[in-house]
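Raw start-v8.cif, mmCIF, C-alpha atoms and all ligand atoms:
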data_final
#
loop_
_atom_site.label_atom_id
_atom_site.label_comp_id
_atom_site.auth_asym_id
_atom_site.auth_seq_id
_atom_site.Cartn_x
_atom_site.Cartn_y
_atom_site.Cartn_z
CA MET A 68 26.73 -27.37 -4.38
CA ALA A 69 28.78 -24.24 -3.78
CA VAL A 70 27.25 -21.81 -1.32
CA GLU A 71 27.91 -18.17 -2.07
CA ALA A 72 29.29 -16.31 0.92
CA LEU A 73 27.02 -13.59 2.29
CA LYS A 74 28.31 -10.17 1.36
CA PRO A 75 28.24 -7.44 4.03
CA ARG A 76 25.69 -4.68 3.47
CA PRO A 77 27.06 -1.58 1.74
CA ALA A 78 27.74 1.10 4.33
CA SER A 79 26.09 3.87 2.33
CA ALA A 80 23.83 4.47 -0.66
CA LYS A 81 26.86 5.83 -2.52
CA GLU A 82 28.68 2.55 -2.01
CA ALA A 83 25.57 0.56 -3.01
CA SER A 84 25.15 2.51 -6.27
CA PRO A 85 28.65 3.58 -7.32
CA GLY A 86 28.71 6.16 -10.08
CA ARG A 87 24.98 6.88 -9.89
CA ALA A 88 23.33 10.07 -8.66
CA TRP A 89 21.50 8.16 -5.90
CA TRP A 90 20.87 11.37 -3.95
CA ILE A 91 18.53 12.95 -6.53
CA GLU A 92 15.40 11.07 -5.44
CA PRO A 93 15.81 11.75 -1.69
CA ALA A 94 16.68 15.40 -2.40
CA LEU A 95 13.55 15.88 -4.54
CA THR A 96 11.46 14.15 -1.87
CA VAL A 97 12.75 16.50 0.83
CA ILE A 98 12.08 19.56 -1.36
CA ALA A 99 8.53 18.40 -2.20
CA TYR A 100 7.57 17.61 1.42
CA VAL A 101 9.03 20.81 2.83
CA ALA A 102 7.37 22.89 0.08
CA PHE A 103 3.97 21.28 0.67
CA PHE A 104 4.18 21.63 4.45
CA ALA A 105 5.28 25.28 4.23
CA TYR A 106 2.55 26.15 1.71
CA ALA A 107 -0.21 24.35 3.63
CA THR A 108 0.81 25.99 6.92
CA TRP A 109 0.90 29.43 5.32
CA SER A 110 -2.48 28.91 3.64
CA VAL A 111 -4.23 27.70 6.79
CA PHE A 112 -2.81 30.48 8.99
CA SER A 113 -2.84 33.30 6.43
CA GLY A 114 -6.14 34.62 7.80
CA THR A 115 -7.88 34.43 4.42
CA ILE A 116 -10.69 31.96 3.85
CA VAL A 117 -9.94 30.63 0.41
CA GLY A 118 -13.24 30.48 -1.46
CA TYR A 119 -14.47 31.75 -4.82
CA ARG A 120 -18.11 30.96 -5.56
CA PRO A 121 -18.95 28.14 -5.84
CA TYR A 122 -15.51 26.82 -4.94
CA VAL A 123 -13.83 26.39 -1.62
CA SER A 124 -10.27 25.31 -0.93
CA PRO A 125 -9.77 21.81 0.53
CA PHE A 126 -8.12 23.51 3.50
CA PHE A 127 -11.40 25.34 4.27
CA SER A 128 -14.28 22.92 3.92
CA THR A 129 -17.82 24.18 3.30
CA TRP A 130 -19.17 22.93 6.55
CA LEU A 131 -16.55 24.92 8.37
CA GLY A 132 -16.45 28.18 6.47
CA PHE A 133 -19.66 28.69 4.59
CA GLY A 134 -22.28 26.83 6.58
CA ASN A 135 -23.57 27.76 9.99
CA PHE A 136 -20.14 28.41 11.39
CA ARG A 137 -18.42 31.72 10.78
CA LEU A 138 -15.05 33.33 11.20
CA PRO A 139 -14.32 33.08 14.94
CA VAL A 140 -15.01 29.35 14.89
CA ILE A 141 -13.04 28.92 11.69
CA ALA A 142 -9.99 30.61 13.07
CA LEU A 143 -9.96 27.99 15.79
CA LEU A 144 -11.20 24.98 13.88
CA VAL A 145 -9.19 25.00 10.68
CA PRO A 146 -5.78 24.57 12.32
CA LEU A 147 -7.23 22.04 14.76
CA LEU A 148 -8.84 19.96 12.05
CA ALA A 149 -5.74 20.14 9.86
CA VAL A 150 -4.16 17.85 12.47
CA PHE A 151 -6.12 14.84 11.16
CA PRO A 152 -5.10 14.79 7.47
CA LEU A 153 -1.60 15.83 8.50
CA GLY A 154 -1.50 13.06 11.13
CA LEU A 155 -2.69 10.55 8.53
CA ARG A 156 0.15 11.46 6.19
CA VAL A 157 2.87 11.65 8.81
CA SER A 158 1.91 8.24 10.25
CA CYS A 159 1.22 6.70 6.80
CA TYR A 160 3.27 3.56 6.08
CA TYR A 161 4.31 4.88 2.67
CA TYR A 162 5.35 8.32 3.95
CA ARG A 163 7.25 6.78 6.85
CA LYS A 164 9.39 4.77 4.47
CA SER A 165 9.81 7.80 2.26
CA TYR A 166 10.82 10.34 4.93
CA PHE A 167 13.04 7.95 6.86
CA ARG A 168 14.97 7.32 3.65
CA SER A 169 15.13 10.89 2.42
CA PHE A 170 15.35 13.00 5.62
CA PHE A 171 17.25 10.69 7.97
CA TRP A 172 18.95 8.22 5.58
CA ASP A 173 18.12 5.65 8.22
CA PRO A 174 18.55 3.55 6.16
CA ALA A 175 18.83 5.28 2.78
CA ALA A 176 17.59 2.18 0.94
CA CYS A 177 16.67 -1.47 1.56
CA ALA A 178 20.11 -3.01 1.08
CA VAL A 179 22.09 -0.27 2.82
CA ALA A 180 23.33 -0.38 6.41
CA GLU A 181 21.75 1.98 8.91
CA LEU A 182 23.53 5.19 9.82
CA LYS A 183 23.19 4.85 13.56
CA ARG A 184 23.48 1.53 15.25
CA GLY A 185 21.72 2.33 18.50
CA ARG A 186 19.19 0.28 20.37
CA TYR A 187 16.10 -0.14 18.23
CA ARG A 188 13.03 0.85 20.18
CA GLY A 189 10.46 0.57 17.43
CA GLU A 190 7.42 2.74 18.04
CA THR A 191 7.50 2.72 21.80
CA ARG A 192 8.90 6.23 22.35
CA PHE A 193 7.70 9.73 21.54
CA PRO A 194 7.28 10.88 18.80
CA TRP A 195 7.23 7.59 16.88
CA VAL A 196 4.73 6.11 19.30
CA LEU A 197 2.15 8.45 17.72
CA ASN A 198 2.32 6.29 14.58
CA ASN A 199 0.24 3.75 16.49
CA TYR A 200 -2.71 6.15 16.14
CA HIS A 201 -2.71 5.86 12.37
CA ARG A 202 -6.09 4.08 12.27
CA TYR A 203 -7.72 6.92 14.26
CA PHE A 204 -6.27 9.52 11.90
CA LEU A 205 -7.71 7.39 9.12
CA VAL A 206 -11.24 7.43 10.53
CA ALA A 207 -11.11 11.22 11.08
CA SER A 208 -9.73 11.72 7.57
CA VAL A 209 -12.51 9.62 6.02
CA ILE A 210 -14.96 12.09 7.58
CA ALA A 211 -12.93 14.99 6.14
CA VAL A 212 -13.07 13.38 2.68
CA ILE A 213 -16.88 13.16 2.97
CA PHE A 214 -16.92 16.93 3.65
CA LEU A 215 -14.75 17.47 0.59
CA TRP A 216 -17.16 15.44 -1.57
CA VAL A 217 -19.94 17.79 -0.43
CA ASP A 218 -17.77 20.73 -1.50
CA ALA A 219 -17.05 19.10 -4.87
CA VAL A 220 -20.78 18.57 -5.52
CA HIS A 221 -21.47 22.21 -4.56
CA ALA A 222 -18.85 23.25 -7.11
CA PHE A 223 -21.26 22.13 -9.84
CA SER A 224 -24.09 24.43 -8.78
CA LEU A 225 -24.37 28.23 -8.81
CA ASN A 226 -27.49 30.21 -7.83
CA GLY A 227 -29.58 27.04 -8.01
CA ARG A 228 -28.46 26.20 -11.56
CA LEU A 229 -26.19 23.56 -12.96
CA PHE A 230 -22.72 25.04 -13.35
CA ILE A 231 -19.44 23.77 -14.77
CA GLY A 232 -16.20 25.68 -14.46
CA LEU A 233 -12.63 24.55 -14.75
CA GLY A 234 -12.49 24.85 -10.96
CA SER A 235 -15.39 22.35 -10.62
CA LEU A 236 -13.25 19.79 -12.46
CA VAL A 237 -10.17 20.71 -10.41
CA MET A 238 -12.12 20.16 -7.17
CA LEU A 239 -13.59 16.89 -8.44
CA THR A 240 -10.16 15.57 -9.47
CA ASN A 241 -8.76 16.53 -6.08
CA VAL A 242 -11.41 14.69 -4.09
CA VAL A 243 -11.15 11.59 -6.32
CA LEU A 244 -7.38 11.49 -5.71
CA LEU A 245 -7.87 11.98 -1.96
CA THR A 246 -10.44 9.18 -1.94
CA LEU A 247 -8.03 6.86 -3.74
CA TYR A 248 -5.27 7.75 -1.29
CA THR A 249 -7.53 7.14 1.72
CA THR A 250 -9.16 3.93 0.50
CA THR A 251 -5.84 2.29 -0.40
CA CYS A 252 -4.58 2.78 3.19
CA HIS A 253 -3.16 -0.38 4.77
CA SER A 254 -5.19 0.18 7.93
CA LEU A 255 -8.44 0.39 5.98
CA ARG A 256 -7.68 -2.98 4.39
CA TYR A 257 -7.26 -4.41 7.88
CA LEU A 258 -10.41 -2.74 9.19
CA MET A 259 -12.42 -4.13 6.28
CA GLY A 260 -11.27 -7.74 6.35
CA GLY A 261 -7.90 -8.31 7.93
CA ARG A 262 -9.44 -8.69 11.37
CA MET A 263 -11.45 -11.80 10.26
CA ASP A 264 -10.04 -15.29 10.40
CA THR A 265 -12.58 -16.95 8.12
CA PHE A 266 -14.71 -14.99 5.70
CA SER A 267 -17.05 -17.91 5.05
CA ARG A 268 -18.05 -18.01 8.72
CA ALA A 269 -18.42 -14.27 9.20
CA ARG A 270 -21.69 -12.42 8.81
CA PHE A 271 -21.84 -10.95 5.28
CA GLY A 272 -18.49 -12.71 4.75
CA GLY A 273 -18.87 -12.67 0.95
CA VAL A 274 -19.24 -8.90 0.90
CA TRP A 275 -16.28 -8.37 3.26
CA TYR A 276 -14.21 -10.73 1.14
CA ARG A 277 -14.92 -8.83 -2.11
CA VAL A 278 -14.27 -5.44 -0.51
CA THR A 279 -11.03 -6.66 1.06
CA MET A 280 -9.80 -8.19 -2.19
CA LEU A 281 -10.59 -4.98 -4.06
CA LEU A 282 -8.61 -2.93 -1.51
CA HIS A 283 -5.85 -5.51 -1.67
CA ARG A 284 -5.55 -5.08 -5.44
CA MET A 285 -5.60 -1.27 -5.16
CA ASN A 286 -3.07 -1.12 -2.32
CA PRO A 287 0.18 -1.37 -4.37
CA GLN A 288 -0.62 2.06 -5.89
CA HIS A 289 -0.91 3.69 -2.46
CA GLY A 290 2.42 5.51 -2.78
CA ALA A 291 1.43 7.00 -6.14
CA TRP A 292 -1.91 8.25 -4.76
CA ALA A 293 -0.04 9.71 -1.78
CA TRP A 294 2.00 11.89 -4.14
CA TYR A 295 -0.81 12.80 -6.56
CA SER A 296 -3.23 13.72 -3.77
CA MET A 297 -0.64 15.82 -1.95
CA PHE A 298 0.01 17.86 -5.08
CA SER A 299 -3.69 18.11 -5.92
CA VAL A 300 -4.59 19.54 -2.49
CA GLY A 301 -1.95 22.26 -2.77
CA LEU A 302 -2.73 23.05 -6.41
CA THR A 303 -6.49 23.22 -5.80
CA ASP A 304 -5.95 25.76 -3.03
CA LEU A 305 -3.54 27.72 -5.24
CA TYR A 306 -5.96 27.68 -8.20
CA ILE A 307 -8.78 29.15 -6.09
CA ARG A 308 -6.43 31.75 -4.59
CA LEU A 309 -5.40 32.88 -8.08
CA LEU A 310 -9.07 33.17 -9.09
CA MET A 311 -9.77 35.25 -5.97
CA ALA A 312 -6.85 37.54 -6.72
CA GLY A 313 -7.99 38.00 -10.35
CA VAL A 314 -4.66 36.66 -11.60
CA ILE A 315 -6.40 34.01 -13.71
CA HIS A 316 -9.85 33.72 -15.29
CA GLU A 317 -11.49 30.45 -16.12
CA PRO A 318 -14.01 29.13 -18.63
CA ARG A 319 -17.46 28.77 -17.00
CA TRP A 320 -20.76 27.41 -18.24
CA ILE A 321 -24.10 27.93 -16.49
CA LEU A 322 -26.79 25.60 -17.85
FE1 LIG B 1 -0.89 5.42 4.06
FE2 LIG B 1 -2.72 4.51 5.80
S1 LIG B 1 -2.72 6.39 4.69
S2 LIG B 1 -0.94 3.56 5.10
#

Show the structure stored in the file as structure tokens.
Amino acid sequence: MAVEALKPRPASAKEASPGRAWWIEPALTVIAYVAFFAYATWSVFSGTIVGYRPYVSPFFSTWLGFGNFRLPVIALLVPLLAVFPLGLRVSCYYYRKSYFRSFFWDPAACAVAELKRGRYRGETRFPWVLNNYHRYFLVASVIAVIFLWVDAVHAFSLNGRLFIGLGSLVMLTNVVLLTLYTTTCHSLRYLMGGRMDTFSRARFGGVWYRVTMLLHRMNPQHGAWAWYSMFSVGLTDLYIRLLMAGVIHEPRWIL
């Protein structure tokens, strides 16, 4: 039987995909990430608490801005707490693949040789060593998502009455997408069941097994939820800002 000789890896994405505009996807990825990061940073530090009754931006959760805590605490807390969802995304397995390919071209794709051929140190040096804290960012972000669910429920009530506005649906969609992004995390799958050797011998093994299998089936869509939820966070904040500024008006029903 003839054995096909191994071909060397293409030295660049251009060589791997001759004649194709291979750079479009990485370029769009860079634009989208930079735009989101710039917008989120501006929104958090702009000095305006983004809320329009009964809505509140996902960057300014109810429990931080409209509960017992007021402005001085907010000014301190919002940027501090933004570290957790940001840390989750930066250390996310999907985002890592995405930004290494698009920002650093290292490598630009699976079958393409790496740009630099230095000594590979994995995640043992700063800043990549921070990726090892992904599971802690996950736990903190799960708590943040619970806060956002409280905000989404509040968005359906105004002056003690049932209320539905377009913004209520925007906030609900946003928190559903964030929940899907968070629950399809690889680390969550491990925390739920990956740490067990034998489900049948574990306490409540049947329950852990079902939960783990469900997360396992949902996991392949993690990259899609990463994108959708990133856009939804920014657009929800923008929608509420436009309402505050009187630029747009929405349909509202009070029942
Ligand atoms: Fe993406 Fe955990 S959030 S892998």

Could you pull out the residues sitting within 12 Å of ligand LIG 1 (chain B), using only C-alpha atoms and all ligand atoms, and write them as number ranges by chain? A: 151-165, 198-209, 245-258, 282, 286-294, 296-297

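The shortest atom-to-atom distance to A:Thr240, with only C-alpha atoms taken into account, belongs to A:Phe298 out of A:Phe171, A:Phe298, A:Phe266, A:Phe214.
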
To one decimal place, how far is atom CA of A:Ala269 from atom CA of A:His283 in Å? 18.8 Å

So what do you get for atom CA of A:Pro318 versus atom CA of A:Ser124, distance-wise?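 Atom-to-atom, atom CA of A:Pro318 and atom CA of A:Ser124 are spaced 18.5 Å apart.
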
Can you pull out the residues contacting A:Ser169? Cut-off 8 Å, using only C-alpha atoms, and skip same-chain residues under 5 positions away; I want them as a ChimeraX atom specification. /A:92-94,96-97,175

Which residues are near stretch 102-113 of chain A? Cut-off 10 Å, all atoms listed in the file, ignore same chain within fewer than 4 positions. Put them as a PDB file with C-alpha atoms, in the frame of the given file.
ATOM      1  CA  THR A  96      11.460  14.150  -1.870  1.00  0.00           C
ATOM      2  CA  VAL A  97      12.750  16.500   0.830  1.00  0.00           C
ATOM      3  CA  ILE A  98      12.080  19.560  -1.360  1.00  0.00           C
ATOM      4  CA  VAL A 117      -9.940  30.630   0.410  1.00  0.00           C
ATOM      5  CA  SER A 124     -10.270  25.310  -0.930  1.00  0.00           C
ATOM      6  CA  PHE A 126      -8.120  23.510   3.500  1.00  0.00           C
ATOM      7  CA  PHE A 127     -11.400  25.340   4.270  1.00  0.00           C
ATOM      8  CA  ALA A 142      -9.990  30.610  13.070  1.00  0.00           C
ATOM      9  CA  VAL A 145      -9.190  25.000  10.680  1.00  0.00           C
ATOM     10  CA  PRO A 146      -5.780  24.570  12.320  1.00  0.00           C
ATOM     11  CA  ALA A 149      -5.740  20.140   9.860  1.00  0.00           C
ATOM     12  CA  LEU A 153      -1.600  15.830   8.500  1.00  0.00           C
ATOM     13  CA  MET A 297      -0.640  15.820  -1.950  1.00  0.00           C
ATOM     14  CA  PHE A 298       0.010  17.860  -5.080  1.00  0.00           C
ATOM     15  CA  VAL A 300      -4.590  19.540  -2.490  1.00  0.00           C
ATOM     16  CA  GLY A 301      -1.950  22.260  -2.770  1.00  0.00           C
ATOM     17  CA  LEU A 302      -2.730  23.050  -6.410  1.00  0.00           C
ATOM     18  CA  ASP A 304      -5.950  25.760  -3.030  1.00  0.00           C
ATOM     19  CA  LEU A 305      -3.540  27.720  -5.240  1.00  0.00           C
ATOM     20  CA  ARG A 308      -6.430  31.750  -4.590  1.00  0.00           C
TER      21      ARG A 308
END

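The space between atom CA of A:Val243 and atom CA of A:Leu281 spans 16.7 Å.
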
Would you please work out which residue, of A:Met259, A:Met285, A:Leu229, A:Val237, is nearest to A:Pro125 when using only C-alpha atoms?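 Selected residue with least distance to A:Pro125: A:Val237.
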